[in-house]
Each structure stands twice: as structure tokens, then as C-alpha cells.
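File shown: input-v2.txt. Contents: compact mmCIF, C-alpha atoms.
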# COMPACT_ATOMS: atom_id res chain seq x y z
CA MET A 1 43.01 -19.18 39.99
CA ASN A 2 43.89 -21.34 37.01
CA LEU A 3 44.73 -18.85 34.25
CA LEU A 4 44.82 -21.34 31.39
CA GLU A 5 42.80 -19.87 28.50
CA LYS A 6 41.50 -17.07 30.73
CA ARG A 7 40.83 -13.87 28.83
CA ALA A 8 42.53 -10.91 30.46
CA LEU A 9 42.89 -7.17 29.97
CA ILE A 10 45.89 -5.42 31.53
CA THR A 11 45.88 -1.63 31.53
CA GLY A 12 49.28 0.02 31.49
CA GLY A 13 50.65 -3.26 30.19
CA SER A 14 53.47 -1.88 28.07
CA SER A 15 56.05 -1.46 30.84
CA GLY A 16 56.88 -1.89 34.51
CA ILE A 17 54.55 -3.86 36.74
CA GLY A 18 51.88 -4.16 34.02
CA PHE A 19 54.37 -5.74 31.63
CA ALA A 20 55.55 -8.12 34.36
CA ILE A 21 51.95 -9.13 35.04
CA ALA A 22 51.44 -9.72 31.33
CA GLU A 23 54.50 -11.98 31.22
CA ALA A 24 53.38 -13.93 34.26
CA MET A 25 49.83 -14.37 32.99
CA LEU A 26 51.04 -15.49 29.57
CA ALA A 27 53.29 -18.05 31.23
CA LYS A 28 50.21 -19.39 32.99
CA GLY A 29 48.39 -19.78 29.69
CA ALA A 30 46.15 -16.72 29.67
CA GLN A 31 45.08 -14.87 26.54
CA ILE A 32 45.79 -11.21 27.05
CA VAL A 33 45.15 -7.76 25.69
CA ILE A 34 47.42 -4.97 26.91
CA THR A 35 46.57 -1.33 26.65
CA ALA A 36 48.55 1.87 27.16
CA ARG A 37 48.65 5.36 25.68
CA ARG A 38 51.77 5.25 23.47
CA PRO A 39 51.44 3.04 20.38
CA ASP A 40 55.20 2.73 19.78
CA ILE A 41 56.01 1.49 23.28
CA LEU A 42 52.92 -0.72 23.29
CA SER A 43 53.87 -2.32 19.99
CA SER A 44 57.42 -3.02 21.21
CA ALA A 45 56.10 -4.52 24.42
CA ALA A 46 53.72 -6.79 22.52
CA GLU A 47 56.57 -7.99 20.31
CA LEU A 48 58.60 -8.91 23.41
CA LEU A 49 55.67 -10.69 24.98
CA ARG A 50 55.09 -12.69 21.79
CA GLU A 51 58.58 -14.20 21.93
CA GLY A 52 57.18 -17.30 23.58
CA ALA A 53 54.84 -17.77 20.62
CA ARG A 54 52.03 -16.52 22.78
CA ARG A 55 49.05 -14.61 21.50
CA VAL A 56 49.11 -10.98 22.61
CA ASP A 57 46.81 -8.28 21.31
CA PHE A 58 47.17 -4.61 22.12
CA VAL A 59 45.21 -1.41 21.75
CA ALA A 60 46.50 2.12 22.20
CA ALA A 61 44.04 4.03 24.35
CA ASP A 62 43.85 6.35 27.32
CA VAL A 63 41.67 4.59 29.88
CA SER A 64 41.33 7.80 31.86
CA THR A 65 38.91 8.97 29.14
CA GLU A 66 35.45 7.64 28.38
CA LYS A 67 36.40 7.13 24.75
CA GLY A 68 39.56 5.26 25.73
CA ARG A 69 37.64 2.90 27.98
CA GLU A 70 35.01 2.23 25.31
CA THR A 71 37.66 1.62 22.66
CA THR A 72 39.55 -0.74 24.95
CA LEU A 73 36.59 -2.87 25.98
CA LYS A 74 35.26 -3.07 22.44
CA PHE A 75 38.68 -4.25 21.26
CA VAL A 76 38.91 -6.84 24.03
CA LEU A 77 35.50 -8.31 23.24
CA GLN A 78 36.32 -8.37 19.54
CA LYS A 79 39.64 -10.15 20.06
CA LEU A 80 38.89 -12.39 23.03
CA GLY A 81 35.13 -12.82 22.83
CA GLY A 82 34.71 -12.07 26.51
CA LEU A 83 36.60 -11.10 29.64
CA ASP A 84 37.57 -13.14 32.69
CA VAL A 85 40.25 -10.96 34.31
CA LEU A 86 40.57 -7.19 34.44
CA VAL A 87 43.87 -5.85 35.75
CA ASN A 88 43.59 -2.15 36.62
CA ASN A 89 47.27 -1.32 36.55
CA ALA A 90 47.62 1.97 34.63
CA GLY A 91 48.63 4.80 36.90
CA GLY A 92 50.37 8.10 37.19
CA VAL A 93 52.20 10.02 39.89
CA ARG A 94 53.34 13.52 40.69
CA ALA A 95 55.24 13.89 43.96
CA GLY A 96 56.34 17.03 45.79
CA ARG A 97 54.76 19.45 48.19
CA LEU A 98 51.03 19.89 47.76
CA GLU A 99 51.44 23.64 47.28
CA ASP A 100 53.81 22.94 44.40
CA THR A 101 51.41 20.54 42.69
CA THR A 102 49.11 22.07 40.11
CA GLU A 103 45.38 21.47 40.01
CA ALA A 104 45.81 19.81 36.62
CA GLU A 105 48.36 17.37 38.07
CA ILE A 106 46.10 16.59 41.02
CA ARG A 107 43.12 15.99 38.77
CA ALA A 108 45.20 13.83 36.44
CA MET A 109 46.15 11.53 39.32
CA ILE A 110 42.53 11.31 40.48
CA GLU A 111 41.36 10.46 36.95
CA VAL A 112 43.95 7.85 36.02
CA ASP A 113 44.56 6.26 39.43
CA LEU A 114 41.02 6.24 40.81
CA VAL A 115 38.21 7.25 38.46
CA ALA A 116 39.48 5.21 35.50
CA PRO A 117 39.69 1.86 37.32
CA ILE A 118 36.30 2.41 38.94
CA LEU A 119 34.58 3.21 35.64
CA LEU A 120 36.43 0.54 33.68
CA THR A 121 35.41 -2.03 36.28
CA ARG A 122 31.80 -0.87 36.11
CA ALA A 123 31.81 -1.13 32.33
CA ALA A 124 33.46 -4.56 32.38
CA LEU A 125 31.29 -6.09 35.11
CA PRO A 126 28.61 -7.57 32.83
CA LYS A 127 31.31 -9.49 30.97
CA LEU A 128 33.08 -10.51 34.17
CA ARG A 129 29.78 -11.81 35.55
CA ALA A 130 29.19 -13.73 32.33
CA SER A 131 32.55 -15.42 32.89
CA THR A 132 31.12 -16.93 36.14
CA ASN A 133 34.67 -16.91 37.55
CA GLY A 134 35.69 -13.31 36.95
CA LEU A 135 38.45 -11.42 38.67
CA VAL A 136 39.27 -7.74 39.09
CA VAL A 137 42.86 -6.97 40.12
CA ASN A 138 43.53 -3.45 41.35
CA ILE A 139 47.19 -2.44 41.47
CA THR A 140 47.40 0.10 44.27
CA SER A 141 50.64 0.87 46.11
CA GLY A 142 52.38 0.29 49.41
CA ILE A 143 51.72 3.98 49.95
CA ALA A 144 48.06 3.05 50.43
CA LEU A 145 49.19 1.25 53.59
CA VAL A 146 51.83 3.71 54.83
CA ALA A 147 51.50 7.21 53.40
CA ALA A 148 54.88 8.89 52.95
CA PRO A 149 55.15 12.70 52.92
CA PHE A 150 55.16 14.54 49.58
CA TYR A 151 52.78 12.01 48.06
CA ALA A 152 49.54 13.29 49.56
CA THR A 153 47.37 13.10 46.45
CA TYR A 154 48.93 9.87 45.21
CA ALA A 155 48.47 8.27 48.64
CA GLY A 156 44.90 9.53 48.67
CA VAL A 157 43.94 8.05 45.32
CA LYS A 158 45.77 4.77 45.87
CA GLY A 159 44.19 4.45 49.31
CA GLY A 160 40.87 5.20 47.67
CA LEU A 161 41.42 2.49 45.07
CA ALA A 162 42.27 0.01 47.81
CA LYS A 163 39.04 0.79 49.66
CA PHE A 164 37.09 0.65 46.40
CA GLY A 165 38.38 -2.88 45.95
CA GLU A 166 37.65 -3.87 49.54
CA SER A 167 34.06 -2.72 49.29
CA LEU A 168 33.50 -4.18 45.84
CA ARG A 169 34.99 -7.50 46.94
CA ARG A 170 32.31 -7.73 49.61
CA GLU A 171 29.61 -6.46 47.26
CA LEU A 172 30.37 -9.19 44.74
CA LYS A 173 31.08 -11.98 47.23
CA GLY A 174 29.25 -15.11 46.20
CA GLU A 175 28.35 -13.71 42.78
CA GLY A 176 31.17 -15.18 40.69
CA VAL A 177 33.40 -12.11 40.47
CA HIS A 178 36.38 -11.82 42.80
CA VAL A 179 38.37 -8.70 43.61
CA MET A 180 42.07 -8.64 44.47
CA THR A 181 44.04 -5.66 45.76
CA VAL A 182 47.81 -5.54 45.22
CA TYR A 183 50.08 -3.23 47.19
CA PRO A 184 53.48 -3.13 45.43
CA GLY A 185 56.42 -1.60 47.20
CA ALA A 186 58.70 0.87 45.41
CA THR A 187 59.53 -0.87 42.14
CA ASP A 188 62.20 0.04 39.63
CA THR A 189 59.95 0.94 36.71
CA PRO A 190 59.83 3.81 34.19
CA MET A 191 57.29 5.47 36.50
CA MET A 192 60.03 5.77 39.15
CA SER A 193 62.75 7.03 36.83
CA SER A 194 62.33 10.69 37.81
CA SER A 195 62.58 9.94 41.53
CA ASN A 196 65.93 10.08 43.28
CA ALA A 197 64.67 8.40 46.45
CA GLY A 198 66.50 5.15 47.21
CA PRO A 199 66.64 2.57 49.98
CA GLU A 200 68.15 5.09 52.42
CA LEU A 201 64.81 6.90 52.26
CA GLY A 202 62.67 3.77 52.38
CA PHE A 203 62.28 3.31 48.62
CA THR A 204 63.77 -0.10 48.01
CA ARG A 205 63.34 0.13 44.22
CA GLU A 206 62.97 -3.58 43.67
CA PRO A 207 63.00 -4.73 40.05
CA PRO A 208 59.63 -5.83 38.69
CA PRO A 209 59.35 -9.61 38.80
CA ARG A 210 60.57 -10.93 35.46
CA LEU A 211 60.51 -14.32 33.93
CA PRO A 212 63.44 -15.90 32.10
CA THR A 213 63.11 -15.40 28.37
CA PRO A 214 61.89 -16.73 26.07
CA LEU A 215 58.56 -17.21 27.75
CA SER A 216 58.42 -20.83 26.65
CA ARG A 217 61.17 -21.57 29.20
CA ALA A 218 59.52 -19.54 31.88
CA SER A 219 59.12 -20.86 35.35
CA ARG A 220 55.52 -21.35 36.30
CA GLU A 221 56.30 -20.31 39.85
CA THR A 222 57.22 -16.66 39.44
CA PRO A 223 54.08 -14.59 39.16
CA LEU A 224 52.29 -12.07 41.33
CA ARG A 225 53.40 -13.55 44.63
CA SER A 226 56.64 -11.62 44.52
CA PHE A 227 54.89 -8.30 44.99
CA ALA A 228 55.49 -6.77 48.36
CA ALA A 229 52.03 -7.38 49.69
CA ALA A 230 48.83 -8.65 48.25
CA LYS A 231 45.41 -9.30 49.63
CA ARG A 232 43.19 -11.63 47.75
CA ALA A 233 39.50 -12.10 47.95
CA PRO A 234 38.71 -15.08 50.11
CA ARG A 235 37.15 -17.76 47.99
CA MET B 236 56.35 -0.24 59.02
CA ILE B 237 52.69 -1.16 58.46
CA VAL B 238 52.42 -2.41 62.04
CA LEU B 239 54.20 0.66 63.37
CA ASN B 240 51.85 2.90 61.41
CA ARG B 241 48.91 1.20 63.08
CA ASP B 242 50.27 0.85 66.61
CA ASP B 243 52.42 3.94 67.01
CA PRO B 244 51.86 6.38 64.15
CA ALA B 245 53.62 9.14 66.07
CA ALA B 246 56.85 7.14 65.93
CA LEU B 247 56.51 6.92 62.17
CA ASP B 248 55.75 10.65 62.01
CA LYS B 249 59.06 11.22 63.81
CA ARG B 250 60.92 8.96 61.40
CA PHE B 251 59.49 10.82 58.42
CA LEU B 252 60.23 14.16 60.10
CA ASP B 253 63.91 13.21 60.21
CA LEU B 254 63.78 12.16 56.54
CA LYS B 255 61.82 15.14 55.29
CA PRO B 256 64.66 17.35 54.01
CA ALA B 257 66.32 14.56 52.05
CA LEU B 258 63.07 12.98 50.91
CA GLY B 259 61.58 16.26 49.79
CA GLU B 260 64.59 16.96 47.63
CA ALA B 261 64.76 13.41 46.25
CA VAL B 262 61.16 13.31 45.07
CA ARG B 263 60.72 16.96 44.13
CA ASN B 264 60.82 16.15 40.40
CA HIS B 265 59.16 12.75 40.57
CA SER B 266 56.51 12.94 37.89
CA ALA B 267 55.03 10.36 35.54
CA LEU B 268 51.64 11.49 34.36
Can you turn what I pasted into C-alpha cells?
Amino acid sequence: MNLLEKRALITGGSSGIGFAIAEAMLAKGAQIVITARRPDILSSAAELLREGARRVDFVAADVSTEKGRETTLKFVLQKLGGLDVLVNNAGGVRAGRLEDTTEAEIRAMIEVDLVAPILLTRAALPKLRASTNGLVVNITSGIALVAAPFYATYAGVKGGLAKFGESLRRELKGEGVHVMTVYPGATDTPMMSSSNAGPELGFTREPPPRLPTPLSRASRETPLRSFAAAKRAPR
Amino acid sequence: MIVLNRDDPAALDKRFLDLKPALGEAVRNHSAL
């Protein structure tokens, strides 16, 4: 997909994989809005992304809530006038034995990793259809392909998101909206900072793909391909 | 590992069984919600 002038929303875009996606899409000429919960981190991320004199707008919101999703989409339409690409990247994790995981933690993972992307996609679909070349990108996890122990709920919701994307891709086939599912391997992001699992346990902890800075010098050959595995909707 | 999970999941179960003590300890506090 040619991203030049494409209007994109990236959830969880203030750090980690979401930030890397924002960098890559900016380097390809997209206009982006990033969203995340913490205004301070979001503002700092936007400043970094603007170093290449690119336009970056941001809105602090929790997309796991109805209000957060409404606020985000309203902001996107106000700033960009439409939406061509939705990147459902925001996510949360709590590992450990299932018996040691609270109901609140389980429900939080279900809400942010599964319910939020489904409902945000549903809400954004009219605008993505209007684009006539829309794209939904769901950031799942390698754990959706091989479920490691102690991540039962996380594997469940990420596997669910992957199947959501697979079904929706076929539902929308031929209708001008494509669906891509990304399966990143263990990536060295803030989300992984409280894990002590390294390569010896199968967690390679690869750095998120980054572009040289400033963005104006960025290679145009660095983007999403470097993720561990990706399946794209056949065109 | 993806192929092994599909073709011989029991082999992967065994591999994870061997890793369980160390993995359980390493990810016990992994939380980002």
C-alpha cells in the first residue's frame, strides 16, 4: 500500500511497537494521529515524531472505554478529515499462573486486547469504507501462533484478535477495506520491562524496528516487514 | 516452533515442561496493564 498522504490512527502509539509503526508510516508520507492513555508520554512521543518536520497529532484517551473510542475517532476526523488506516496496537499483559491472576486483570486484558480493537474497528468502518482503499492492521502477538505457558489469558485474547482479523478480512474482501494481522515476536518495549524472560527461555527481546533520526533521513525500506511474522490480506 | 506446534504439539509441550520452573519465575511479575 502506498502510504503517501494516507490518514492513519495508531492506538498505543506513544511507545514500543506503536511508536515504531508511527515512525515508519511517517517516513512513508502518511498523516497520523497517535493515541495512548498518558498525556505526558504521548506528548513527548509526538515531539520526537515531529523531528522530521512531519505532521503528528495526538489525543490522550483510553480506547478500552466507549468514551475513549468516541473521543479518539472524533479527534481523528476533526484533524484528518477521514481515515484510511486504523492500527489497533494498544495492548496490555499480565503473565503468571492463572490462579494468581485476578479477575480484574483478566477482564482488563480482554477489554484492551480484544474488545477495544473490535469495537474501534466497528466504529471506524464507515470512514474506512469511504476511503475506498481502507486498511485495518491488528497487532496481535507471536503467542497467538504458539501459546507459551503462564500467558493463558493473553494468548487467548491475542489468538482471538487474530481470528477476528481473519474473519473480517474475508467479510470485507472485495469491498475496499483490507485487514492485516501482525504477529510480533518478543520485542524489547516498555510492555516487556517487567519480564525477566530472555532468549534462553524463547523470548528473543528484539528491539522494535527504528528508523535513523531525524526522520527526514530515514530509509524508506525499514517498515513493518521487520516484524517476526505478518500475514496480509491478499489483494 | 510454529511448524512443530502444528505437527508435533506434544514435543513442544515437553519443551515447555522443561522450561516451566525457570519461565514461571521469570514472568511471574510481568505486568503492563
May I have the residues within 8 Å of segment 244-254 of chain B as a list in words, using only C-alpha atoms and disregarding those fewer than 3 positions away in the same chain?
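The filter keeps Ala148, Pro149 and Leu201 of chain A; Met236, Leu239, Asn240, Arg241, Ala257 and Leu258 of chain B.
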Find the residues in chain B near chain A: any atom within 7 Å counts, using all atoms listed in the file. Write them as a count of residues only.
13
If we count all atoms listed in the file, what is near Ala22 of chain A at a cut-off of 12 Å, once residues fewer than 6 positions away on the same chain are taken out, given as a PDB file with C-alpha atoms, in the frame of the given file?
ATOM      1  CA  LEU A   3      44.730 -18.850  34.250  1.00  0.00           C
ATOM      2  CA  ARG A   7      40.830 -13.870  28.830  1.00  0.00           C
ATOM      3  CA  ALA A   8      42.530 -10.910  30.460  1.00  0.00           C
ATOM      4  CA  LEU A   9      42.890  -7.170  29.970  1.00  0.00           C
ATOM      5  CA  ILE A  10      45.890  -5.420  31.530  1.00  0.00           C
ATOM      6  CA  THR A  11      45.880  -1.630  31.530  1.00  0.00           C
ATOM      7  CA  GLY A  12      49.280   0.020  31.490  1.00  0.00           C
ATOM      8  CA  GLY A  13      50.650  -3.260  30.190  1.00  0.00           C
ATOM      9  CA  SER A  14      53.470  -1.880  28.070  1.00  0.00           C
ATOM     10  CA  SER A  15      56.050  -1.460  30.840  1.00  0.00           C
ATOM     11  CA  GLY A  16      56.880  -1.890  34.510  1.00  0.00           C
ATOM     12  CA  LYS A  28      50.210 -19.390  32.990  1.00  0.00           C
ATOM     13  CA  GLY A  29      48.390 -19.780  29.690  1.00  0.00           C
ATOM     14  CA  ALA A  30      46.150 -16.720  29.670  1.00  0.00           C
ATOM     15  CA  GLN A  31      45.080 -14.870  26.540  1.00  0.00           C
ATOM     16  CA  ILE A  32      45.790 -11.210  27.050  1.00  0.00           C
ATOM     17  CA  VAL A  33      45.150  -7.760  25.690  1.00  0.00           C
ATOM     18  CA  ILE A  34      47.420  -4.970  26.910  1.00  0.00           C
ATOM     19  CA  THR A  35      46.570  -1.330  26.650  1.00  0.00           C
ATOM     20  CA  ALA A  45      56.100  -4.520  24.420  1.00  0.00           C
ATOM     21  CA  ALA A  46      53.720  -6.790  22.520  1.00  0.00           C
ATOM     22  CA  LEU A  48      58.600  -8.910  23.410  1.00  0.00           C
ATOM     23  CA  LEU A  49      55.670 -10.690  24.980  1.00  0.00           C
ATOM     24  CA  ARG A  50      55.090 -12.690  21.790  1.00  0.00           C
ATOM     25  CA  ARG A  54      52.030 -16.520  22.780  1.00  0.00           C
ATOM     26  CA  ARG A  55      49.050 -14.610  21.500  1.00  0.00           C
ATOM     27  CA  VAL A  56      49.110 -10.980  22.610  1.00  0.00           C
ATOM     28  CA  ASP A  57      46.810  -8.280  21.310  1.00  0.00           C
ATOM     29  CA  PHE A  58      47.170  -4.610  22.120  1.00  0.00           C
ATOM     30  CA  VAL A  85      40.250 -10.960  34.310  1.00  0.00           C
ATOM     31  CA  LEU A  86      40.570  -7.190  34.440  1.00  0.00           C
ATOM     32  CA  VAL A  87      43.870  -5.850  35.750  1.00  0.00           C
ATOM     33  CA  ASN A  89      47.270  -1.320  36.550  1.00  0.00           C
ATOM     34  CA  PRO A 208      59.630  -5.830  38.690  1.00  0.00           C
ATOM     35  CA  PRO A 209      59.350  -9.610  38.800  1.00  0.00           C
ATOM     36  CA  ARG A 210      60.570 -10.930  35.460  1.00  0.00           C
ATOM     37  CA  LEU A 211      60.510 -14.320  33.930  1.00  0.00           C
ATOM     38  CA  LEU A 215      58.560 -17.210  27.750  1.00  0.00           C
ATOM     39  CA  PRO A 223      54.080 -14.590  39.160  1.00  0.00           C
ATOM     40  CA  LEU A 224      52.290 -12.070  41.330  1.00  0.00           C
TER      41      LEU A 224
END
May I ask for the distance between atom CA of Ile21 of chain A and atom CA of His178 of chain A, given in Å to one decimal place?
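Going from atom CA of Ile21 of chain A over to atom CA of His178 of chain A, I get 17.6 Å.
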What gap, in Å, lies between atom CA of Pro117 of chain A and atom CA of Thr187 of chain A?
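Result for atom CA of Pro117 of chain A versus atom CA of Thr187 of chain A: 20.6 Å, one decimal.
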Interatomic distance (Å, one decimal) between atom CA of Gly52 of chain A and atom CA of Lys6 of chain A:
17.2 Å
